$ cat data.txt   # compact mmCIF, C-alpha atoms and all ligand atoms
# COMPACT_ATOMS: atom_id res chain seq x y z
CA MET A 1 17.30 -12.58 4.99
CA LYS A 2 20.11 -10.33 6.20
CA LEU A 3 19.40 -6.66 6.80
CA GLY A 4 22.79 -5.16 5.94
CA PHE A 5 23.65 -3.71 2.54
CA GLU A 6 26.58 -5.14 0.60
CA GLU A 7 29.47 -2.69 0.36
CA SER A 8 29.45 -1.37 -3.15
CA GLN A 9 32.70 -1.09 -5.11
CA THR A 10 31.26 1.56 -7.38
CA ALA A 11 31.69 5.22 -6.56
CA TYR A 12 28.51 7.24 -7.01
CA ALA A 13 28.18 10.93 -7.70
CA SER A 14 25.66 11.53 -4.95
CA ASP A 15 24.33 10.08 -1.72
CA SER A 16 20.93 9.46 -3.24
CA GLN A 17 22.49 7.56 -6.15
CA SER A 18 24.46 5.29 -3.89
CA ALA A 19 21.43 4.74 -1.65
CA ARG A 20 19.41 3.77 -4.71
CA ALA A 21 22.09 1.25 -5.74
CA TRP A 22 22.34 -0.26 -2.24
CA THR A 23 18.63 -0.56 -1.65
CA GLU A 24 17.95 -2.05 -5.09
CA ALA A 25 20.78 -4.56 -4.68
CA TRP A 26 19.34 -5.49 -1.28
CA VAL A 27 15.85 -6.14 -2.69
CA SER A 28 17.31 -8.26 -5.51
CA ALA A 29 19.30 -10.31 -3.01
CA TRP A 30 16.80 -10.77 -0.18
CA ALA A 31 13.21 -9.81 -0.93
CA TYR A 32 10.71 -12.57 -1.77
CA CYS A 33 7.47 -12.20 -3.66
CA PRO A 34 4.64 -11.70 -1.14
CA HIS A 35 2.06 -12.79 -3.71
CA CYS A 36 3.29 -16.29 -4.58
CA GLY A 37 6.14 -16.74 -2.11
CA HIS A 38 8.79 -17.04 -4.86
CA ALA A 39 12.21 -16.56 -3.24
CA LYS A 40 13.37 -13.72 -5.49
CA MET A 41 12.32 -10.53 -7.16
CA SER A 42 14.07 -9.64 -10.39
CA GLN A 43 15.12 -6.16 -11.31
CA PHE A 44 13.70 -4.45 -14.38
CA PRO A 45 16.17 -2.78 -16.74
CA ASN A 46 16.76 0.85 -15.69
CA ASN A 47 14.25 3.53 -16.58
CA SER A 48 11.17 1.37 -16.71
CA PRO A 49 8.50 4.09 -16.32
CA VAL A 50 6.77 2.81 -13.19
CA ALA A 51 7.99 -0.52 -11.85
CA ASP A 52 11.42 -1.58 -10.56
CA PHE A 53 11.04 -5.30 -9.80
CA LEU A 54 9.20 -8.25 -11.23
CA CYS A 55 8.40 -11.72 -9.90
CA LEU A 56 9.35 -14.15 -12.65
CA SER A 57 7.05 -16.75 -11.20
CA CYS A 58 3.72 -14.86 -10.96
CA SER A 59 4.47 -11.63 -12.92
CA GLU A 60 3.57 -9.27 -10.06
CA GLU A 61 5.38 -5.96 -10.44
CA PHE A 62 6.86 -3.83 -7.68
CA GLU A 63 7.96 -0.25 -7.30
CA LEU A 64 10.59 0.54 -4.67
CA LYS A 65 10.75 3.79 -2.71
CA SER A 66 13.39 4.14 -0.07
CA GLN A 67 14.47 6.84 2.31
CA LYS A 68 16.29 7.31 5.60
CA GLY A 69 13.40 8.58 7.70
CA LYS A 70 10.00 6.98 8.18
CA PHE A 71 7.39 7.66 5.54
CA GLY A 72 4.73 10.18 6.53
CA ALA A 73 1.11 10.52 5.47
CA LYS A 74 2.18 11.38 1.91
CA VAL A 75 4.77 9.71 -0.30
CA ALA A 76 5.96 11.61 -3.37
CA ASP A 77 5.73 9.44 -6.46
CA GLY A 78 6.11 9.62 -10.26
CA ALA A 79 4.16 11.46 -12.94
CA TYR A 80 0.54 11.97 -11.97
CA ARG A 81 -0.88 11.01 -15.33
CA THR A 82 1.14 7.79 -15.58
CA LYS A 83 0.07 6.81 -12.04
CA CYS A 84 -3.61 7.32 -12.87
CA GLU A 85 -3.35 5.43 -16.16
CA ARG A 86 -1.68 2.48 -14.48
CA LEU A 87 -4.34 2.22 -11.75
CA ALA A 88 -6.69 0.14 -13.84
CA ALA A 89 -3.94 -1.85 -15.59
CA SER A 90 -3.28 -5.44 -14.56
CA ASN A 91 0.43 -4.71 -14.22
CA ASN A 92 0.00 -1.75 -11.89
CA PRO A 93 2.91 -2.21 -9.44
CA ASN A 94 2.73 -2.98 -5.74
CA LEU A 95 4.57 -0.44 -3.65
CA LEU A 96 7.60 -1.40 -1.55
CA LEU A 97 8.55 1.21 1.04
CA MET A 98 11.94 0.90 2.68
CA ASN A 99 13.57 2.84 5.51
CA TYR A 100 17.26 2.31 6.01
CA ASP A 101 19.86 3.39 8.48
CA ARG A 102 22.63 5.40 6.84
CA LYS A 103 25.18 4.66 9.56
CA SER A 104 24.84 0.91 9.85
CA LEU A 105 23.87 0.63 6.15
CA SER A 106 20.99 -1.67 6.85
CA VAL A 107 17.24 -2.00 6.39
CA VAL A 108 15.11 -0.82 9.32
CA ASN A 109 11.62 -1.12 7.86
CA LEU A 110 10.28 -2.73 4.72
CA MET A 111 6.59 -2.46 4.08
CA ILE A 112 4.52 -3.37 1.10
CA VAL A 113 1.28 -1.78 -0.03
CA PRO A 114 -0.50 -4.25 -2.36
CA LYS A 115 -1.69 -2.69 -5.59
CA HIS A 116 -5.33 -3.45 -4.80
CA PHE A 117 -5.18 -0.71 -2.16
CA PHE A 118 -4.52 1.87 -4.85
CA VAL A 119 -7.59 3.79 -5.82
CA ARG A 120 -7.96 7.14 -7.50
CA ASP A 121 -8.61 8.87 -4.16
CA ILE A 122 -5.22 8.08 -2.71
CA ILE A 123 -3.28 9.51 -5.67
CA GLU A 124 -2.94 13.25 -5.21
CA GLU A 125 -2.00 15.59 -8.02
CA ARG A 126 0.92 17.83 -7.17
CA ARG A 127 1.42 21.34 -8.42
CA PRO A 128 3.24 21.60 -11.76
CA LEU A 129 6.96 22.30 -11.39
CA ALA A 130 7.86 25.98 -11.62
CA ALA A 131 8.89 27.53 -14.92
CA THR A 132 12.45 27.77 -13.59
CA ALA A 133 12.71 24.03 -12.92
CA ARG A 134 14.58 21.73 -15.26
CA ARG A 135 11.34 19.85 -15.99
CA ALA A 136 9.09 22.92 -15.95
CA GLY A 137 5.38 22.10 -15.97
CA TRP A 138 5.91 18.45 -15.01
CA ILE A 139 3.17 17.18 -12.69
CA GLY A 140 4.07 14.64 -10.05
CA SER A 141 1.89 12.72 -7.64
CA ASN A 142 1.64 11.99 -3.93
CA ILE A 143 0.44 8.70 -2.54
CA LEU A 144 -1.78 9.41 0.44
CA LEU A 145 -0.47 6.68 2.72
CA GLY A 146 -2.64 8.05 5.52
CA ARG A 147 -5.74 6.87 3.66
CA VAL A 148 -4.54 3.30 3.24
CA PRO A 149 -6.09 0.91 5.81
CA GLU A 150 -3.64 -0.86 8.14
CA SER A 151 -4.37 -4.17 6.41
CA GLY A 152 -2.88 -2.58 3.29
CA LYS A 153 0.45 -1.98 5.01
CA ILE A 154 2.18 -5.33 5.22
CA HIS A 155 5.43 -5.27 7.16
CA ILE A 156 8.20 -7.57 5.97
CA VAL A 157 10.78 -5.93 8.24
CA GLN A 158 9.57 -3.85 11.17
CA ASN A 159 11.90 -1.82 13.39
CA GLY A 160 14.84 -3.98 12.41
CA VAL A 161 13.00 -7.26 13.01
CA ILE A 162 12.30 -9.68 10.15
CA ARG A 163 8.70 -10.91 10.34
CA PRO A 164 7.96 -14.57 9.50
CA LYS A 165 7.36 -15.09 5.79
CA GLU A 166 4.22 -17.25 6.38
CA ILE A 167 2.59 -14.35 8.23
CA VAL A 168 3.44 -11.89 5.46
CA LEU A 169 1.99 -14.25 2.83
CA GLN A 170 -1.14 -14.77 4.95
CA GLU A 171 -1.67 -11.03 5.38
CA TRP A 172 -1.28 -10.60 1.65
CA GLN A 173 -3.87 -13.29 0.88
CA LYS A 174 -6.37 -11.82 3.33
CA THR A 175 -7.20 -8.79 1.19
CA LEU A 176 -6.76 -10.27 -2.30
CA PHE A 177 -10.55 -10.26 -2.68
CA LEU A 178 -10.26 -6.52 -3.35
CA ARG A 179 -8.76 -7.27 -6.75
CA SER A 180 -12.06 -8.49 -8.08
CA GLU A 181 -13.59 -5.05 -7.55
CA SER A 182 -13.30 -2.01 -9.79
CA PRO A 183 -11.25 0.91 -8.42
CA GLU A 184 -14.50 2.89 -8.02
CA THR A 185 -16.15 0.27 -5.79
CA ARG A 186 -12.94 -0.25 -3.87
CA GLY A 187 -12.83 3.37 -2.70
CA TRP A 188 -15.79 2.96 -0.34
CA LEU A 189 -14.66 -0.46 0.81
CA LEU A 190 -11.20 0.78 1.75
CA ASP A 191 -12.58 3.78 3.60
CA VAL A 192 -14.97 1.61 5.62
CA MET A 193 -12.17 -0.89 6.31
CA GLN A 194 -10.11 1.97 7.65
CA CYS A 195 -12.99 3.12 9.91
CA VAL A 196 -13.35 -0.42 11.29
CA GLU A 197 -9.61 -0.70 11.94
CA SER A 198 -9.38 2.72 13.53
CA LEU A 199 -11.67 1.53 16.35
CA GLY A 200 -8.67 -0.52 17.43
CA LYS A 201 -10.66 -3.53 18.63
CA GLN A 202 -11.95 -6.81 17.35
CA ASP A 203 -15.64 -6.48 18.26
CA PHE A 204 -17.59 -3.50 17.07
CA THR A 205 -21.12 -2.38 16.40
CA LEU A 206 -22.88 -0.85 13.45
CA ASP A 207 -23.48 2.28 15.54
CA GLU A 208 -19.76 2.69 16.05
CA ILE A 209 -19.28 2.71 12.29
CA TYR A 210 -22.23 5.06 11.82
CA ALA A 211 -20.25 7.49 13.97
CA PHE A 212 -18.02 7.94 10.90
CA GLU A 213 -20.99 9.15 8.85
CA GLU A 214 -19.81 12.75 8.82
CA HIS A 215 -16.21 11.80 8.04
CA LEU A 216 -17.28 9.57 5.13
CA GLY A 217 -19.71 12.22 3.96
CA ARG A 218 -16.80 14.64 3.68
CA LEU A 219 -14.81 12.12 1.62
CA TYR A 220 -17.76 11.63 -0.72
CA PRO A 221 -19.52 14.97 -0.99
CA GLY A 222 -22.78 14.64 -2.80
CA ASN A 223 -23.51 11.19 -1.42
CA HIS A 224 -26.52 11.46 0.84
CA ASN A 225 -26.87 7.76 1.52
CA VAL A 226 -23.85 7.21 3.69
CA ARG A 227 -25.53 4.82 6.16
CA PRO A 228 -26.82 2.42 3.48
CA LYS A 229 -23.38 2.62 1.84
CA ILE A 230 -21.75 1.67 5.16
CA ARG A 231 -24.08 -1.33 5.57
CA GLN A 232 -23.39 -2.42 2.00
CA GLN A 233 -19.60 -2.38 2.58
CA LEU A 234 -19.92 -4.28 5.87
CA GLN A 235 -21.99 -6.92 4.15
CA TYR A 236 -19.44 -7.25 1.40
CA LEU A 237 -16.57 -7.49 3.91
CA ARG A 238 -18.52 -10.16 5.75
CA ASP A 239 -19.14 -12.16 2.55
CA ARG A 240 -15.41 -12.05 1.83
CA GLY A 241 -14.50 -13.21 5.33
CA PHE A 242 -12.79 -9.99 6.38
CA ILE A 243 -15.25 -9.48 9.23
CA GLU A 244 -17.90 -11.74 10.72
CA PHE A 245 -21.44 -11.06 11.76
CA VAL A 246 -21.98 -11.83 15.46
CA SER A 247 -25.56 -10.73 16.08
CA ARG A 248 -27.87 -7.96 14.95
CA GLY A 249 -25.75 -4.80 14.66
CA SER A 250 -22.57 -6.36 15.97
CA TYR A 251 -19.55 -7.56 14.08
CA ARG A 252 -16.11 -8.99 14.64
CA LEU A 253 -12.90 -8.28 12.75
CA ARG A 254 -11.34 -11.61 11.77
CA SER A 255 -7.72 -12.02 12.68
ZN ZN B 1 5.30 -14.02 -7.31

$ encode --input "data.txt" --output "structure tokens"
Amino acid sequence: MKLGFEESQTAYASDSQSARAWTEAWVSAWAYCPHCGHAKMSQFPNNSPVADFLCLSCSEEFELKSQKGKFGAKVADGAYRTKCERLAASNNPNLLLMNYDRKSLSVVNLMIVPKHFFVRDIIEERRPLAATARRAGWIGSNILLGRVPESGKIHIVQNGVIRPKEIVLQEWQKTLFLRSESPETRGWLLDVMQCVESLGKQDFTLDEIYAFEEHLGRLYPGNHNVRPKIRQQLQYLRDRGFIEFVSRGSYRLRS
């Protein structure tokens, strides 16, 4: 993998158009499929409604978003309705997020959010475009990256450093169990995973997770059984090998 973009011979009308061409050409040339390890991703014909790339070996689909600066807590994405409809579909795309450096024309960060981290709660509906806009009334979406657990942000390139492929594939495999759950069930799981990770340590106690009771209660207003819900998610995460049970009330995050 080389991080630099190939000089393009084509002249583009705008900066964003040329950036799109460079970044897409880079992904086609260098990005591998994190799901099956296939060496290449293939580009979809232009104007596919949601996805940009496809793995010809395992059929995983990918959407590419790229920008100069780092992505914040929200990433603007396509039409809200299309995003919601695709959530439950088997070909919902994984999200590739790329930061590049405009001066050196090279990739700085490339991160992938596996599709099983996408639940209804992280897709935010934006306000319809104003009547004066070219696409008046069109409703876009934001992806709330801030609500995605760290284990759902897999770095392929981080601060200009290419991470080993085996590690990326391992990190991908670690959370695949989420795919067997419905988007509704996954919401709670992902939120509890994020609470566990936010403690920033390997060993933790049930009480430390109970401390998020109010926070989780705000995310799920109307649910008055937050503590049993927390225990249920921890048990599930333990059964799937994401965490292990050490002794009564204490757990360990598996690395
Ligand atoms: Zn693949």

$ atom_distance --input "data.txt" --atom1 "CA of Leu234 in chain A" --atom2 "CA of Ala88 in chain A"
24.1 Å

$ residues_around --input "data.txt" --residues "Ile230 in chain A" --least-positions-apart "5" --cutoff "9 Å" --atoms "all atoms listed in the file" --output "ChimeraX atom specification"
/A:188-189,192,206,209-210,213,225,235

$ residues_around --input "data.txt" --residues "Pro164 in chain A" --least-positions-apart "4" --cutoff "12 Å" --atoms "all atoms listed in the file" --output "number ranges by chain"
A: 1, 32, 34, 37, 154-158, 168-171

$ write_last_selection --input "data.txt" --atoms "C-alpha atoms" --output "compact mmCIF listing (two decimals), in the frame of the given file"
# COMPACT_ATOMS: atom_id res chain seq x y z
CA MET A 1 17.30 -12.58 4.99
CA TYR A 32 10.71 -12.57 -1.77
CA PRO A 34 4.64 -11.70 -1.14
CA GLY A 37 6.14 -16.74 -2.11
CA ILE A 154 2.18 -5.33 5.22
CA HIS A 155 5.43 -5.27 7.16
CA ILE A 156 8.20 -7.57 5.97
CA VAL A 157 10.78 -5.93 8.24
CA GLN A 158 9.57 -3.85 11.17
CA VAL A 168 3.44 -11.89 5.46
CA LEU A 169 1.99 -14.25 2.83
CA GLN A 170 -1.14 -14.77 4.95
CA GLU A 171 -1.67 -11.03 5.38

$ axis_aligned_box --input "data.txt" --around "range 216-233 of chain A" --padding-each-side "6 Å" --output "AutoDock Vina command-line options"
--center_x -20.8 --center_y 6.3 --center_z 1.7 --size_x 24.1 --size_y 29.4 --size_z 21.0

$ closest_residue --input "data.txt" --among "A:Cys195, A:Leu96, A:Leu110, A:Val27" --to "Arg163 in chain A" --atoms "all atoms listed in the file"
A:Leu110

$ residues_around --input "data.txt" --residues "Ser255 in chain A" --least-positions-apart "5" --cutoff "12 Å" --atoms "all atoms listed in the file" --output "PyMOL selection string"
chain A and resi 151+167+170-171+174-175+197+201-203+241-244

$ write_last_selection --input "data.txt" --atoms "C-alpha atoms" --output "short mmCIF file (atom, residue, chain, number, x, y, z; two decimals), in the coordinates of the input"
data_model
loop_
_atom_site.label_atom_id
_atom_site.label_comp_id
_atom_site.auth_asym_id
_atom_site.auth_seq_id
_atom_site.Cartn_x
_atom_site.Cartn_y
_atom_site.Cartn_z
CA SER A 151 -4.37 -4.17 6.41
CA ILE A 167 2.59 -14.35 8.23
CA GLN A 170 -1.14 -14.77 4.95
CA GLU A 171 -1.67 -11.03 5.38
CA LYS A 174 -6.37 -11.82 3.33
CA THR A 175 -7.20 -8.79 1.19
CA GLU A 197 -9.61 -0.70 11.94
CA LYS A 201 -10.66 -3.53 18.63
CA GLN A 202 -11.95 -6.81 17.35
CA ASP A 203 -15.64 -6.48 18.26
CA GLY A 241 -14.50 -13.21 5.33
CA PHE A 242 -12.79 -9.99 6.38
CA ILE A 243 -15.25 -9.48 9.23
CA GLU A 244 -17.90 -11.74 10.72
#

$ residues_near_ligand --input "data.txt" --ligand "ligand ZN 1 (chain B)" --cutoff "12 Å" --atoms "all atoms listed in the file" --output "ChimeraX atom specification"
/A:31-42,53-62,94,169,172

$ atom_distance --input "data.txt" --atom1 "CA of Leu190 in chain A" --atom2 "CA of Gly146 in chain A"
11.8 Å

$ residues_around --input "data.txt" --residues "Glu124 in chain A" --least-positions-apart "2" --cutoff "8 Å" --atoms "all atoms listed in the file" --output "list of chain:residue names"
A:Tyr80, A:Asp121, A:Ile122, A:Arg126, A:Ser141, A:Asn142, A:Ile143, A:Leu144

$ closest_residue --input "data.txt" --among "A:Leu97, A:Ala79, A:Met111, A:Leu237" --to "Arg135 in chain A" --atoms "only C-alpha atoms"
A:Ala79

$ atom_distance --input "data.txt" --atom1 "CA of Arg102 in chain A" --atom2 "CA of Gly140 in chain A"
26.7 Å

$ residues_near_point --input "data.txt" --point "(24.3, -1.1, 6.9)" --cutoff "9 Å" --atoms "only C-alpha atoms" --output "VMD selection string"
chain A and resid 3 to 7 100 to 107

$ residues_around --input "data.txt" --residues "Val226 in chain A" --least-positions-apart "5" --cutoff "9 Å" --atoms "all atoms listed in the file" --output "PDB file with C-alpha atoms, in the frame of the given file"
ATOM      1  CA  TYR A 210     -22.230   5.060  11.820  1.00  0.00           C
ATOM      2  CA  GLU A 213     -20.990   9.150   8.850  1.00  0.00           C
ATOM      3  CA  GLU A 214     -19.810  12.750   8.820  1.00  0.00           C
ATOM      4  CA  LEU A 216     -17.280   9.570   5.130  1.00  0.00           C
ATOM      5  CA  GLY A 217     -19.710  12.220   3.960  1.00  0.00           C
ATOM      6  CA  TYR A 220     -17.760  11.630  -0.720  1.00  0.00           C
ATOM      7  CA  ARG A 231     -24.080  -1.330   5.570  1.00  0.00           C
TER       8      ARG A 231
END

$ build_atoms --input "data.txt" --residues "range 114-130 of chain A" --atoms "N, CA and C atoms" --output "short mmCIF file (atom, residue, chain, number, x, y, z; two decimals), in the coordinates of the input"
data_model
loop_
_atom_site.label_atom_id
_atom_site.label_comp_id
_atom_site.auth_asym_id
_atom_site.auth_seq_id
_atom_site.Cartn_x
_atom_site.Cartn_y
_atom_site.Cartn_z
N PRO A 114 -0.05 -3.52 -1.16
CA PRO A 114 -0.50 -4.25 -2.36
C PRO A 114 -1.25 -3.32 -3.31
N LYS A 115 -1.11 -3.60 -4.60
CA LYS A 115 -1.69 -2.69 -5.59
C LYS A 115 -3.21 -2.55 -5.47
N HIS A 116 -3.86 -3.57 -4.88
CA HIS A 116 -5.33 -3.45 -4.80
C HIS A 116 -5.77 -2.42 -3.76
N PHE A 117 -4.83 -1.81 -3.07
CA PHE A 117 -5.18 -0.71 -2.16
C PHE A 117 -5.07 0.65 -2.86
N PHE A 118 -4.64 0.61 -4.12
CA PHE A 118 -4.52 1.87 -4.85
C PHE A 118 -5.80 2.21 -5.57
N VAL A 119 -6.40 3.29 -5.15
CA VAL A 119 -7.59 3.79 -5.82
C VAL A 119 -7.32 5.25 -6.17
N ARG A 120 -8.13 5.77 -7.01
CA ARG A 120 -7.96 7.14 -7.50
C ARG A 120 -7.82 8.14 -6.33
N ASP A 121 -8.59 7.91 -5.27
CA ASP A 121 -8.61 8.87 -4.16
C ASP A 121 -7.32 8.95 -3.36
N ILE A 122 -6.45 7.95 -3.49
CA ILE A 122 -5.22 8.08 -2.71
C ILE A 122 -4.05 8.59 -3.55
N ILE A 123 -4.31 8.89 -4.83
CA ILE A 123 -3.28 9.51 -5.67
C ILE A 123 -3.60 11.00 -5.74
N GLU A 124 -2.71 11.80 -5.23
CA GLU A 124 -2.94 13.25 -5.21
C GLU A 124 -2.09 13.92 -6.29
N GLU A 125 -2.71 14.85 -6.97
CA GLU A 125 -2.00 15.59 -8.02
C GLU A 125 -1.18 16.70 -7.37
N ARG A 126 0.10 16.76 -7.73
CA ARG A 126 0.92 17.83 -7.17
C ARG A 126 0.91 19.04 -8.10
N ARG A 127 1.38 20.14 -7.58
CA ARG A 127 1.42 21.34 -8.42
C ARG A 127 2.49 21.19 -9.49
N PRO A 128 2.23 21.71 -10.70
CA PRO A 128 3.24 21.60 -11.76
C PRO A 128 4.54 22.25 -11.30
N LEU A 129 5.67 21.71 -11.75
CA LEU A 129 6.96 22.30 -11.39
C LEU A 129 7.07 23.71 -11.97
N ALA A 130 7.75 24.57 -11.23
CA ALA A 130 7.86 25.98 -11.62
C ALA A 130 8.58 26.13 -12.96
#
